[in-house]
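Heads up, target_7.txt below (compact mmCIF, C-alpha atoms (C1' of nucleotides)):
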```txt
# COMPACT_ATOMS: atom_id res chain seq x y z
CA MET A 1 0.00 0.00 0.00
CA THR A 2 1.29 3.44 -0.89
CA ALA A 3 1.79 5.95 1.89
CA SER A 4 -0.83 8.36 0.59
CA ALA A 5 -3.49 5.65 0.31
CA THR A 6 -2.78 4.46 3.87
CA ARG A 7 -2.86 8.03 5.07
CA GLU A 8 -6.23 8.56 3.46
CA GLN A 9 -7.57 5.40 5.11
CA ILE A 10 -6.35 6.61 8.49
CA VAL A 11 -8.01 9.98 8.07
CA ARG A 12 -11.27 8.40 6.97
CA ALA A 13 -11.28 5.99 9.94
CA ALA A 14 -10.32 8.74 12.39
CA ASP A 15 -13.00 11.04 10.97
CA ARG A 16 -15.66 8.43 11.62
CA LEU A 17 -14.37 7.44 15.06
CA PHE A 18 -13.99 11.04 16.23
CA TYR A 19 -17.61 11.52 15.19
CA GLU A 20 -18.95 8.36 16.80
CA ARG A 21 -16.91 8.29 20.02
CA GLY A 22 -15.47 11.77 20.30
CA PHE A 23 -11.89 12.94 19.85
CA GLU A 24 -10.47 12.24 23.30
CA HIS A 25 -12.30 8.94 23.73
CA THR A 26 -10.80 7.62 20.48
CA SER A 27 -7.36 6.06 20.95
CA PHE A 28 -4.66 5.25 18.47
CA ALA A 29 -5.44 1.60 19.08
CA ASP A 30 -9.04 2.25 17.95
CA ILE A 31 -7.96 3.92 14.71
CA ALA A 32 -5.21 1.40 14.05
CA GLY A 33 -7.66 -1.42 14.63
CA ALA A 34 -10.18 0.09 12.21
CA VAL A 35 -7.56 0.47 9.48
CA GLY A 36 -5.82 -2.82 10.20
CA LEU A 37 -2.44 -1.40 11.15
CA SER A 38 -0.30 -1.66 14.24
CA ARG A 39 -0.06 1.27 16.61
CA GLY A 40 3.67 1.66 16.00
CA ASN A 41 3.32 2.05 12.27
CA PHE A 42 0.92 4.82 12.90
CA TYR A 43 3.55 7.39 13.64
CA TYR A 44 5.09 6.92 10.24
CA HIS A 45 2.04 8.70 8.83
CA PHE A 46 1.17 11.13 11.64
CA LYS A 47 3.53 12.37 14.28
CA SER A 48 0.83 13.12 16.88
CA LYS A 49 -2.87 12.80 17.60
CA ASP A 50 -3.31 16.51 16.96
CA ALA A 51 -1.82 15.99 13.51
CA ILE A 52 -4.59 13.48 12.79
CA LEU A 53 -7.21 15.89 14.07
CA ASP A 54 -5.78 18.54 11.80
CA ALA A 55 -6.05 16.20 8.81
CA VAL A 56 -9.61 15.21 9.76
CA ILE A 57 -10.66 18.86 9.95
CA ALA A 58 -9.06 19.53 6.55
CA ALA A 59 -10.89 16.53 5.06
CA ARG A 60 -14.19 17.72 6.48
CA ARG A 61 -13.59 21.17 5.09
CA ASP A 62 -13.02 19.77 1.61
CA GLU A 63 -16.13 17.63 1.87
CA ARG A 64 -18.34 20.49 3.07
CA ARG A 65 -17.03 22.79 0.38
CA GLY A 66 -18.07 20.11 -2.07
CA TRP A 67 -21.60 20.14 -0.66
CA LEU A 68 -21.84 23.91 -1.01
CA ALA A 69 -20.56 23.82 -4.59
CA ARG A 70 -23.07 21.10 -5.46
CA TRP A 71 -25.99 22.99 -3.92
CA GLU A 72 -25.01 26.10 -5.85
CA ASN A 73 -24.90 24.12 -9.07
CA GLU A 74 -28.16 22.29 -8.54
CA GLU A 75 -30.18 25.19 -7.15
CA PRO A 76 -30.16 28.55 -8.95
CA ASP A 77 -32.49 30.05 -6.34
CA PRO A 78 -30.67 31.10 -3.15
CA ALA A 79 -33.78 30.23 -1.09
CA ALA A 80 -33.68 26.69 -2.46
CA ARG A 81 -29.98 26.52 -1.53
CA ILE A 82 -30.76 27.54 2.05
CA LEU A 83 -33.42 24.87 2.09
CA ARG A 84 -30.84 22.28 1.09
CA PHE A 85 -28.87 23.21 4.18
CA ILE A 86 -31.94 23.09 6.42
CA GLU A 87 -32.81 19.65 5.11
CA ILE A 88 -29.47 17.99 5.86
CA VAL A 89 -30.70 17.52 9.44
CA HIS A 90 -33.39 15.27 8.02
CA VAL A 91 -31.32 13.75 5.21
CA ASN A 92 -28.62 12.71 7.68
CA ARG A 93 -31.10 11.86 10.42
CA ALA A 94 -29.77 8.35 11.05
CA ASP A 95 -26.26 9.58 11.88
CA ILE A 96 -27.53 12.65 13.72
CA GLN A 97 -29.82 10.61 15.94
CA ALA A 98 -26.95 8.26 16.74
CA PHE A 99 -24.08 10.76 17.07
CA GLY A 100 -25.34 14.34 16.78
CA CYS A 101 -23.93 16.95 14.40
CA PRO A 102 -20.31 16.13 13.46
CA LEU A 103 -19.29 19.79 13.58
CA GLY A 104 -21.34 20.87 16.58
CA THR A 105 -20.30 17.96 18.79
CA MET A 106 -16.65 18.42 17.86
CA THR A 107 -16.61 22.12 18.73
CA THR A 108 -18.47 21.37 21.97
CA GLU A 109 -15.83 18.81 22.94
CA LEU A 110 -12.81 20.86 21.89
CA ALA A 111 -14.16 23.88 23.80
CA LYS A 112 -14.21 21.86 27.02
CA LEU A 113 -10.72 20.52 26.36
CA GLU A 114 -9.53 24.09 25.68
CA HIS A 115 -7.95 22.53 22.63
CA THR A 116 -5.91 24.81 20.39
CA MET A 117 -7.70 23.45 17.32
CA LEU A 118 -11.13 24.64 18.46
CA THR A 119 -10.78 27.63 16.16
CA GLN A 120 -10.11 25.45 13.13
CA ALA A 121 -13.01 23.14 13.98
CA GLY A 122 -15.21 26.20 14.40
CA ASP A 123 -14.16 27.41 10.96
CA LEU A 124 -16.12 24.48 9.51
CA LEU A 125 -19.32 25.94 10.94
CA THR A 126 -18.21 29.37 9.82
CA LEU A 127 -17.99 27.96 6.29
CA PHE A 128 -21.76 27.35 6.40
CA ARG A 129 -22.35 30.60 8.24
CA ASP A 130 -20.66 32.66 5.53
CA TRP A 131 -22.28 30.71 2.72
CA LEU A 132 -25.76 31.14 4.24
CA THR A 133 -25.07 34.84 4.76
CA GLU A 134 -24.21 35.17 1.08
CA GLN A 135 -27.43 33.39 0.04
CA PHE A 136 -29.56 35.70 2.19
CA ARG A 137 -27.72 38.66 0.73
CA LEU A 138 -28.55 37.46 -2.76
CA LEU A 139 -32.19 37.36 -1.66
CA GLY A 140 -31.98 41.03 -0.69
CA TYR A 141 -31.72 40.84 3.08
CA ALA A 142 -28.68 43.13 3.11
CA GLU A 143 -27.27 43.71 6.59
CA ARG A 144 -29.84 41.34 8.14
CA SER A 145 -28.25 38.44 6.22
CA GLY A 146 -25.65 37.55 8.83
CA ASP A 147 -28.21 37.33 11.63
CA LEU A 148 -30.54 35.22 9.51
CA ALA A 149 -27.67 32.85 8.73
CA MET A 150 -26.96 32.51 12.46
CA HIS A 151 -30.63 31.79 13.08
CA VAL A 152 -30.54 28.93 10.58
CA LEU A 153 -27.43 27.56 12.28
CA THR A 154 -29.14 27.87 15.67
CA PHE A 155 -31.99 25.72 14.45
CA SER A 156 -29.74 23.04 12.97
CA GLN A 157 -27.51 22.78 16.05
CA GLY A 158 -30.43 22.69 18.46
CA ALA A 159 -32.26 20.11 16.39
CA ALA A 160 -29.14 17.94 16.23
CA VAL A 161 -28.60 18.02 20.01
CA LEU A 162 -32.19 17.03 20.74
CA ALA A 163 -32.40 14.48 17.92
CA ASN A 164 -29.32 12.84 19.41
CA LEU A 165 -30.86 12.76 22.87
CA TYR A 166 -34.42 11.70 22.05
CA ARG A 167 -33.81 9.80 18.77
CA ASP A 168 -37.22 10.86 17.53
CA GLU A 169 -37.51 11.09 13.77
CA SER A 170 -40.90 12.78 13.81
CA TYR A 171 -39.41 15.57 15.92
CA ILE A 172 -36.75 16.17 13.26
CA ARG A 173 -39.38 16.31 10.55
CA ARG A 174 -41.50 18.79 12.47
CA GLU A 175 -38.60 21.12 13.19
CA VAL A 176 -37.41 21.01 9.58
CA ASP A 177 -40.96 21.73 8.39
CA GLN A 178 -41.19 24.65 10.78
CA MET A 179 -37.88 26.03 9.57
CA ARG A 180 -39.02 25.65 5.96
CA ALA A 181 -42.20 27.60 6.78
CA TRP A 182 -40.13 30.28 8.52
CA LEU A 183 -37.93 30.67 5.44
CA HIS A 184 -40.96 30.82 3.14
CA ALA A 185 -42.66 33.49 5.26
CA LEU A 186 -39.56 35.69 5.44
CA GLN A 187 -39.74 38.99 3.62
CA PRO A 188 -36.73 41.19 2.72
CA THR A 189 -38.77 44.33 3.38
CA THR A 190 -39.86 43.49 6.94
CA MET B 1 -15.61 17.74 58.79
CA THR B 2 -18.69 15.54 58.79
CA ALA B 3 -19.08 12.99 56.03
CA SER B 4 -22.21 14.59 54.59
CA ALA B 5 -20.61 18.04 54.40
CA THR B 6 -17.55 16.64 52.65
CA ARG B 7 -19.78 14.69 50.30
CA GLU B 8 -21.68 17.85 49.43
CA GLN B 9 -18.42 19.68 48.74
CA ILE B 10 -17.30 16.87 46.44
CA VAL B 11 -20.56 16.94 44.50
CA ARG B 12 -20.43 20.71 44.12
CA ALA B 13 -16.81 20.62 42.88
CA ALA B 14 -17.52 17.70 40.52
CA ASP B 15 -20.63 19.45 39.16
CA ARG B 16 -18.58 22.49 38.24
CA LEU B 17 -15.64 20.54 36.82
CA PHE B 18 -17.85 18.22 34.76
CA TYR B 19 -19.42 21.35 33.33
CA GLU B 20 -16.17 23.19 32.63
CA ARG B 21 -13.97 20.32 31.44
CA GLY B 22 -16.41 17.53 30.66
CA PHE B 23 -17.00 14.28 32.52
CA GLU B 24 -14.28 12.09 31.04
CA HIS B 25 -11.65 14.83 31.01
CA THR B 26 -12.14 15.45 34.75
CA SER B 27 -10.04 13.17 36.95
CA PHE B 28 -10.36 12.28 40.61
CA ALA B 29 -7.19 14.25 41.18
CA ASP B 30 -8.93 17.34 39.74
CA ILE B 31 -11.93 16.98 42.04
CA ALA B 32 -9.81 16.06 45.05
CA GLY B 33 -7.59 19.07 44.38
CA ALA B 34 -10.60 21.40 44.17
CA VAL B 35 -11.99 20.12 47.47
CA GLY B 36 -8.60 19.85 49.18
CA LEU B 37 -8.66 16.11 49.77
CA SER B 38 -6.33 13.31 48.79
CA ARG B 39 -7.34 10.93 46.02
CA GLY B 40 -7.33 7.97 48.40
CA ASN B 41 -9.82 9.46 50.79
CA PHE B 42 -12.14 9.97 47.91
CA TYR B 43 -13.38 6.43 47.77
CA TYR B 44 -14.63 6.68 51.32
CA HIS B 45 -17.37 8.96 49.99
CA PHE B 46 -17.93 7.55 46.47
CA LYS B 47 -17.06 4.08 45.33
CA SER B 48 -16.67 4.98 41.64
CA LYS B 49 -16.64 7.87 39.19
CA ASP B 50 -20.08 6.85 37.98
CA ALA B 51 -21.35 7.19 41.56
CA ILE B 52 -20.17 10.82 41.55
CA LEU B 53 -21.86 11.43 38.20
CA ASP B 54 -25.05 9.99 39.63
CA ALA B 55 -24.86 12.37 42.60
CA VAL B 56 -24.12 15.33 40.31
CA ILE B 57 -27.14 14.54 38.16
CA ALA B 58 -29.32 14.26 41.28
CA ALA B 59 -28.02 17.62 42.54
CA ARG B 60 -28.73 19.26 39.20
CA ARG B 61 -32.23 17.82 39.21
CA ASP B 62 -32.93 19.30 42.63
CA GLU B 63 -31.56 22.66 41.55
CA ARG B 64 -33.58 22.77 38.32
CA ARG B 65 -36.75 21.75 40.12
CA GLY B 66 -36.09 24.72 42.40
CA TRP B 67 -35.90 27.01 39.38
CA LEU B 68 -39.21 25.74 38.03
CA ALA B 69 -40.92 26.12 41.40
CA ARG B 70 -39.61 29.67 41.72
CA TRP B 71 -40.76 30.64 38.23
CA GLU B 72 -44.20 29.26 38.98
CA ASN B 73 -44.38 31.28 42.18
CA GLU B 74 -43.11 34.51 40.69
CA GLU B 75 -45.03 34.36 37.40
CA PRO B 76 -48.77 33.60 37.43
CA ASP B 77 -48.93 33.84 33.63
CA PRO B 78 -47.70 30.66 31.89
CA ALA B 79 -46.37 32.76 28.99
CA ALA B 80 -44.24 34.74 31.44
CA ARG B 81 -42.97 31.45 32.86
CA ILE B 82 -41.93 30.25 29.41
CA LEU B 83 -40.18 33.56 28.94
CA ARG B 84 -38.20 32.96 32.11
CA PHE B 85 -36.91 29.75 30.57
CA ILE B 86 -36.08 31.43 27.27
CA GLU B 87 -34.15 34.13 29.09
CA ILE B 88 -31.83 31.83 31.03
CA VAL B 89 -29.66 31.64 27.91
CA HIS B 90 -29.07 35.37 28.32
CA VAL B 91 -29.05 35.43 32.13
CA ASN B 92 -26.39 32.72 32.24
CA ARG B 93 -24.58 34.03 29.17
CA ALA B 94 -21.15 34.23 30.83
CA ASP B 95 -21.11 30.52 31.69
CA ILE B 96 -22.79 29.52 28.43
CA GLN B 97 -20.27 31.39 26.32
CA ALA B 98 -17.44 29.75 28.26
CA PHE B 99 -18.81 26.21 28.62
CA GLY B 100 -22.10 25.80 26.75
CA CYS B 101 -25.32 24.45 28.26
CA PRO B 102 -24.58 22.23 31.28
CA LEU B 103 -27.31 19.77 30.34
CA GLY B 104 -26.85 19.80 26.58
CA THR B 105 -23.08 19.35 26.67
CA MET B 106 -23.37 16.55 29.21
CA THR B 107 -25.89 14.59 27.14
CA THR B 108 -23.78 15.17 24.02
CA GLU B 109 -20.72 13.75 25.78
CA LEU B 110 -22.47 10.81 27.43
CA ALA B 111 -24.09 9.86 24.10
CA LYS B 112 -20.65 9.52 22.50
CA LEU B 113 -19.36 7.52 25.44
CA GLU B 114 -22.44 5.27 25.20
CA HIS B 115 -22.62 5.84 28.94
CA THR B 116 -25.38 4.06 30.81
CA MET B 117 -26.28 7.28 32.61
CA LEU B 118 -27.18 9.14 29.41
CA THR B 119 -30.85 8.46 30.13
CA GLN B 120 -30.65 10.01 33.57
CA ALA B 121 -28.77 13.04 32.24
CA GLY B 122 -31.40 13.37 29.51
CA ASP B 123 -34.12 13.32 32.15
CA LEU B 124 -32.87 16.74 33.27
CA LEU B 125 -33.79 18.16 29.88
CA THR B 126 -37.04 16.22 29.97
CA LEU B 127 -37.80 18.01 33.22
CA PHE B 128 -37.87 21.30 31.30
CA ARG B 129 -39.59 19.67 28.34
CA ASP B 130 -42.49 18.46 30.48
CA TRP B 131 -42.74 21.71 32.39
CA LEU B 132 -42.81 23.78 29.18
CA THR B 133 -45.42 21.42 27.74
CA GLU B 134 -47.60 22.02 30.79
CA GLN B 135 -47.26 25.80 30.46
CA PHE B 136 -48.29 25.70 26.80
CA ARG B 137 -51.22 23.48 27.74
CA LEU B 138 -52.32 26.05 30.32
CA LEU B 139 -52.22 28.63 27.51
CA GLY B 140 -54.65 26.51 25.49
CA TYR B 141 -52.37 24.91 22.92
CA ALA B 142 -53.70 21.43 23.71
CA GLU B 143 -52.00 18.69 21.72
CA ARG B 144 -49.62 21.19 20.08
CA SER B 145 -48.08 21.88 23.50
CA GLY B 146 -45.48 19.14 23.37
CA ASP B 147 -44.16 20.23 19.98
CA LEU B 148 -44.00 23.86 21.06
CA ALA B 149 -42.03 22.85 24.14
CA MET B 150 -39.56 20.98 21.94
CA HIS B 151 -39.23 24.03 19.72
CA VAL B 152 -38.27 26.17 22.71
CA LEU B 153 -35.71 23.56 23.74
CA THR B 154 -34.35 23.50 20.19
CA PHE B 155 -33.76 27.22 20.32
CA SER B 156 -32.03 27.12 23.70
CA GLN B 157 -29.73 24.21 22.79
CA GLY B 158 -28.80 25.69 19.43
CA ALA B 159 -28.15 29.11 20.93
CA ALA B 160 -25.96 27.56 23.63
CA VAL B 161 -23.83 25.62 21.13
CA LEU B 162 -23.21 28.68 18.97
CA ALA B 163 -22.74 31.05 21.92
CA ASN B 164 -20.08 28.66 23.18
CA LEU B 165 -18.33 28.61 19.81
CA TYR B 166 -18.51 32.28 18.83
CA ARG B 167 -18.70 33.88 22.32
CA ASP B 168 -20.81 36.68 20.93
CA GLU B 169 -23.13 38.29 23.45
CA SER B 170 -25.04 40.31 20.87
CA TYR B 171 -25.90 37.06 19.07
CA ILE B 172 -27.42 35.67 22.26
CA ARG B 173 -29.47 38.82 22.75
CA ARG B 174 -30.78 38.73 19.17
CA GLU B 175 -31.79 35.07 19.36
CA VAL B 176 -33.52 35.57 22.73
CA ASP B 177 -35.35 38.60 21.34
CA GLN B 178 -36.43 36.60 18.32
CA MET B 179 -37.69 33.78 20.52
CA ARG B 180 -39.57 36.29 22.68
CA ALA B 181 -41.23 37.71 19.57
CA TRP B 182 -42.10 34.20 18.39
CA LEU B 183 -43.79 33.45 21.71
CA HIS B 184 -45.68 36.73 21.65
CA ALA B 185 -46.96 36.16 18.11
CA LEU B 186 -48.12 32.60 18.86
CA GLN B 187 -51.87 32.03 18.79
CA PRO B 188 -53.64 28.99 20.28
CA THR B 189 -56.16 29.01 17.45
CA THR B 190 -53.70 28.87 14.56
C1' DG C 1 -12.26 10.19 58.08
C1' DT C 2 -8.00 11.16 56.12
C1' DC C 3 -3.67 9.89 54.70
C1' DT C 4 0.35 7.42 51.83
C1' DA C 5 1.56 3.76 49.01
C1' DT C 6 0.48 0.89 45.50
C1' DA C 7 -1.94 -2.29 41.97
C1' DT C 8 -3.42 -2.45 37.34
C1' DA C 9 -4.57 -0.75 32.98
C1' DC C 10 -4.36 2.24 29.17
C1' DC C 11 -2.81 6.36 27.01
C1' DG C 12 0.34 8.90 23.47
C1' DA C 13 4.72 8.50 21.73
C1' DT C 14 9.50 6.43 20.58
C1' DA C 15 13.22 2.99 19.14
C1' DG C 16 14.84 -0.11 16.31
C1' DA C 17 14.52 -4.73 13.72
C1' DC C 18 13.01 -6.23 9.27
C1' DG D 1 6.30 0.85 5.27
C1' DT D 2 5.20 -2.23 8.76
C1' DC D 3 6.23 -4.62 12.72
C1' DT D 4 7.25 -5.65 18.05
C1' DA D 5 8.86 -3.93 22.24
C1' DT D 6 8.93 -0.42 25.39
C1' DC D 7 9.15 4.23 27.77
C1' DG D 8 6.98 7.65 30.72
C1' DG D 9 2.77 9.47 32.22
C1' DT D 10 -1.76 9.30 34.04
C1' DA D 11 -6.11 7.13 34.90
C1' DT D 12 -9.37 4.50 38.20
C1' DA D 13 -9.37 1.94 42.06
C1' DT D 14 -7.61 -0.59 46.36
C1' DA D 15 -4.95 -1.63 50.84
C1' DG D 16 -3.74 -0.48 54.99
C1' DA D 17 -1.53 2.81 58.53
C1' DC D 18 -3.06 6.41 61.57
```
Let me see the structure of the file written as structure tokens.
Amino acid sequence: MTASATREQIVRAADRLFYERGFEHTSFADIAGAVGLSRGNFYYHFKSKDAILDAVIAARRDERRGWLARWENEEPDPAARILRFIEIVHVNRADIQAFGCPLGTMTTELAKLEHTMLTQAGDLLTLFRDWLTEQFRLLGYAERSGDLAMHVLTFSQGAAVLANLYRDESYIRREVDQMRAWLHALQPTT
Amino acid sequence: MTASATREQIVRAADRLFYERGFEHTSFADIAGAVGLSRGNFYYHFKSKDAILDAVIAARRDERRGWLARWENEEPDPAARILRFIEIVHVNRADIQAFGCPLGTMTTELAKLEHTMLTQAGDLLTLFRDWLTEQFRLLGYAERSGDLAMHVLTFSQGAAVLANLYRDESYIRREVDQMRAWLHALQPTT
DNA sequence: GTCTATATACCGATAGAC
DNA sequence: GTCTATCGGTATATAGAC
């Protein structure tokens, strides 16, 4: 196996394990076991656990940027793009019920650890924040756009926390429907 | 020092440390250091870390029940009571910006650990959920009451996650204002 | 009730053979 | 590039003196 392919496997396994078990609760042995490598060999690819976290965050950033680009391509209407974001809570409901929001739970954990990479993990949410702001701006909401984007993020984070706790699919559907109605009723002039 | 007084000190210190650093990231040495005891003596009062978590959850339940009783006494109007809940995000903004919601972050962590006490930690949020449901019922929302209660919880959890990440007080104020307006515009007949 | 000393296990990280 | 062996640190938990 080439080094880059092994590295990619490690990042993919770590990404999933950090999501399912949390960063601190995931050990090198866990990741090594998932990839099928020994612990020792691990350090050939990454010199520390923080280096893996850094790579995981970079991988997530690339993936999320891909989502945003796809939504922009598939939806010419900015309101429809915002809807695509709102609906990921329902589209990814199985994972969210089991493990919460990958970005929200990571920032929550890193904040408690006072981890230096909290800022970089937070940048992943800021990616959506800025993109949503731009969509609202395109709809004519001007200086209100940033606050509206934050409101959409508030909904998605809150829904993810409670979906994870109560594991109730109908709750997710209701909250998404409510958010869709909110977006539809919004008016740039009010 | 009597055993019960020492025990109470331990629970209070553990409550705060679990909130600030998280459950798993807090060690016995941390708690013992905060109380001024040796690690060894610790097991005289609690036989395991889970036993401390259990006591912390029980203490939080008592405290939150006290809040609800106080709000009921001070506010005859159920809508004003709901407002009291909505406003705790702003009232406790300093702690929430630094450490998030004590209940939400604990359930998020315990879910990832697949900890057996997740249910009991979740019951603390259910305490508010049931109480909010009852207030909406008193306002005449009938079978919609439960969903409205969940919507209020969604707001408070989402706002706490993002307040913790961005540490922006004006964001908290805006979201609380928006939630207040939402509550005011609600109509039992619609 | 509080202490010191210690058992046992796992963690992240390193060294060096192959 | 992958392995085994191991270091140093810290975690929960226990034993026993005082």
**Message:** Distance cut-off 10 Å, counting all atoms listed in the file - which residues of chain B neighbour chain D? Return them as a list in words.
**Reply:**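 The answer, sorted by residue number, is Ser27, Phe28, Ala29, Gly40, Tyr43, Lys47, Ser48 and Lys49 of chain B.
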**Request:** Please identify every residue of chain A that has at least one atom no more than 7 Å from any atom of chain B, counting only C-alpha atoms, and report them as a list in words.
**Result:**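 The answer, sorted by residue number, is Glu20, Arg21, Gly22, Phe99, Thr105, Thr107, Thr108, Lys112, Leu113, Gly122, Thr154, Phe155, Gln157, Gly158, Ala159, Val161, Leu162 and Leu165 of chain A.
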**Request:** Using all atoms listed in the file, select each residue of chain C with any atom at most 8 Å away from an atom of chain A, and give the selection as a PyMOL selection string.
**Result:** chain C and resi 11-13
**Complete:** One decimal place gives the atom C1' of DT8 of chain C-atom CA of Phe46 of chain B separation as 19.8 Å
**Prompt:** How far is it from atom CA of Val56 of chain B to atom CA of Glu74 of chain B, in Å with one decimal?
**Reply:** 27.0 Å
Provide an axis-aligned box for all listed atoms of segment 150-163 of chain A, padding each side by 3 Å; report its centre and its edge lengths in Å to one decimal, as AutoDock Vina command-line options.
```
--center_x -29.7 --center_y 23.5 --center_z 15.7 --size_x 11.4 --size_y 24.0 --size_z 16.2
```
**Message:** Residues near Leu37 of chain B, anyone? I mean within 12 Å using all atoms listed in the file, not counting same-chain ones fewer than 6 positions away, as a list of chain:residue names.
**Reply:** B:Met1, B:Thr6, B:Arg7, B:Gln9, B:Ile10, B:Ala13, B:Phe28, B:Ala29, B:Asp30, B:Ile31, B:Tyr43, B:Tyr44, B:His45, C:DG1, C:DT2, C:DC3
The selected residues should be written to file as a short mmCIF file (atom, residue, chain, number, x, y, z; two decimals), in the frame of the given file (atoms: C-alpha atoms (C1' of nucleotides)).
```cif
data_model
loop_
_atom_site.label_atom_id
_atom_site.label_comp_id
_atom_site.auth_asym_id
_atom_site.auth_seq_id
_atom_site.Cartn_x
_atom_site.Cartn_y
_atom_site.Cartn_z
CA MET B 1 -15.61 17.74 58.79
CA THR B 6 -17.55 16.64 52.65
CA ARG B 7 -19.78 14.69 50.30
CA GLN B 9 -18.42 19.68 48.74
CA ILE B 10 -17.30 16.87 46.44
CA ALA B 13 -16.81 20.62 42.88
CA PHE B 28 -10.36 12.28 40.61
CA ALA B 29 -7.19 14.25 41.18
CA ASP B 30 -8.93 17.34 39.74
CA ILE B 31 -11.93 16.98 42.04
CA TYR B 43 -13.38 6.43 47.77
CA TYR B 44 -14.63 6.68 51.32
CA HIS B 45 -17.37 8.96 49.99
"C1'" DG C 1 -12.26 10.19 58.08
"C1'" DT C 2 -8.00 11.16 56.12
"C1'" DC C 3 -3.67 9.89 54.70
#
```
**Request:** Can you work out the spacing between atom CA of Tyr141 of chain B and atom CA of Ala80 of chain B in Å, to one decimal?
**Result:**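 Atom-to-atom, atom CA of Tyr141 of chain B to atom CA of Ala80 of chain B, that is 15.3 Å.
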Find the spatial neighbours of segment 180-186 of chain A, counting all atoms listed in the file, within a cut-off of 9 Å - ignore same-chain residues fewer than 6 positions away - and output them as an mmCIF file with C-alpha atoms, keeping the file's coordinate frame.
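To be explicit, this is the file written out as selection_5.cif:
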```cif
data_model
loop_
_atom_site.group_PDB
_atom_site.id
_atom_site.type_symbol
_atom_site.label_atom_id
_atom_site.label_comp_id
_atom_site.auth_asym_id
_atom_site.auth_seq_id
_atom_site.Cartn_x
_atom_site.Cartn_y
_atom_site.Cartn_z
ATOM 1 C CA ALA A 79 -33.780 30.230 -1.090
ATOM 2 C CA ILE A 82 -30.760 27.540 2.050
ATOM 3 C CA LEU A 83 -33.420 24.870 2.090
ATOM 4 C CA ILE A 86 -31.940 23.090 6.420
ATOM 5 C CA GLU A 87 -32.810 19.650 5.110
#
```
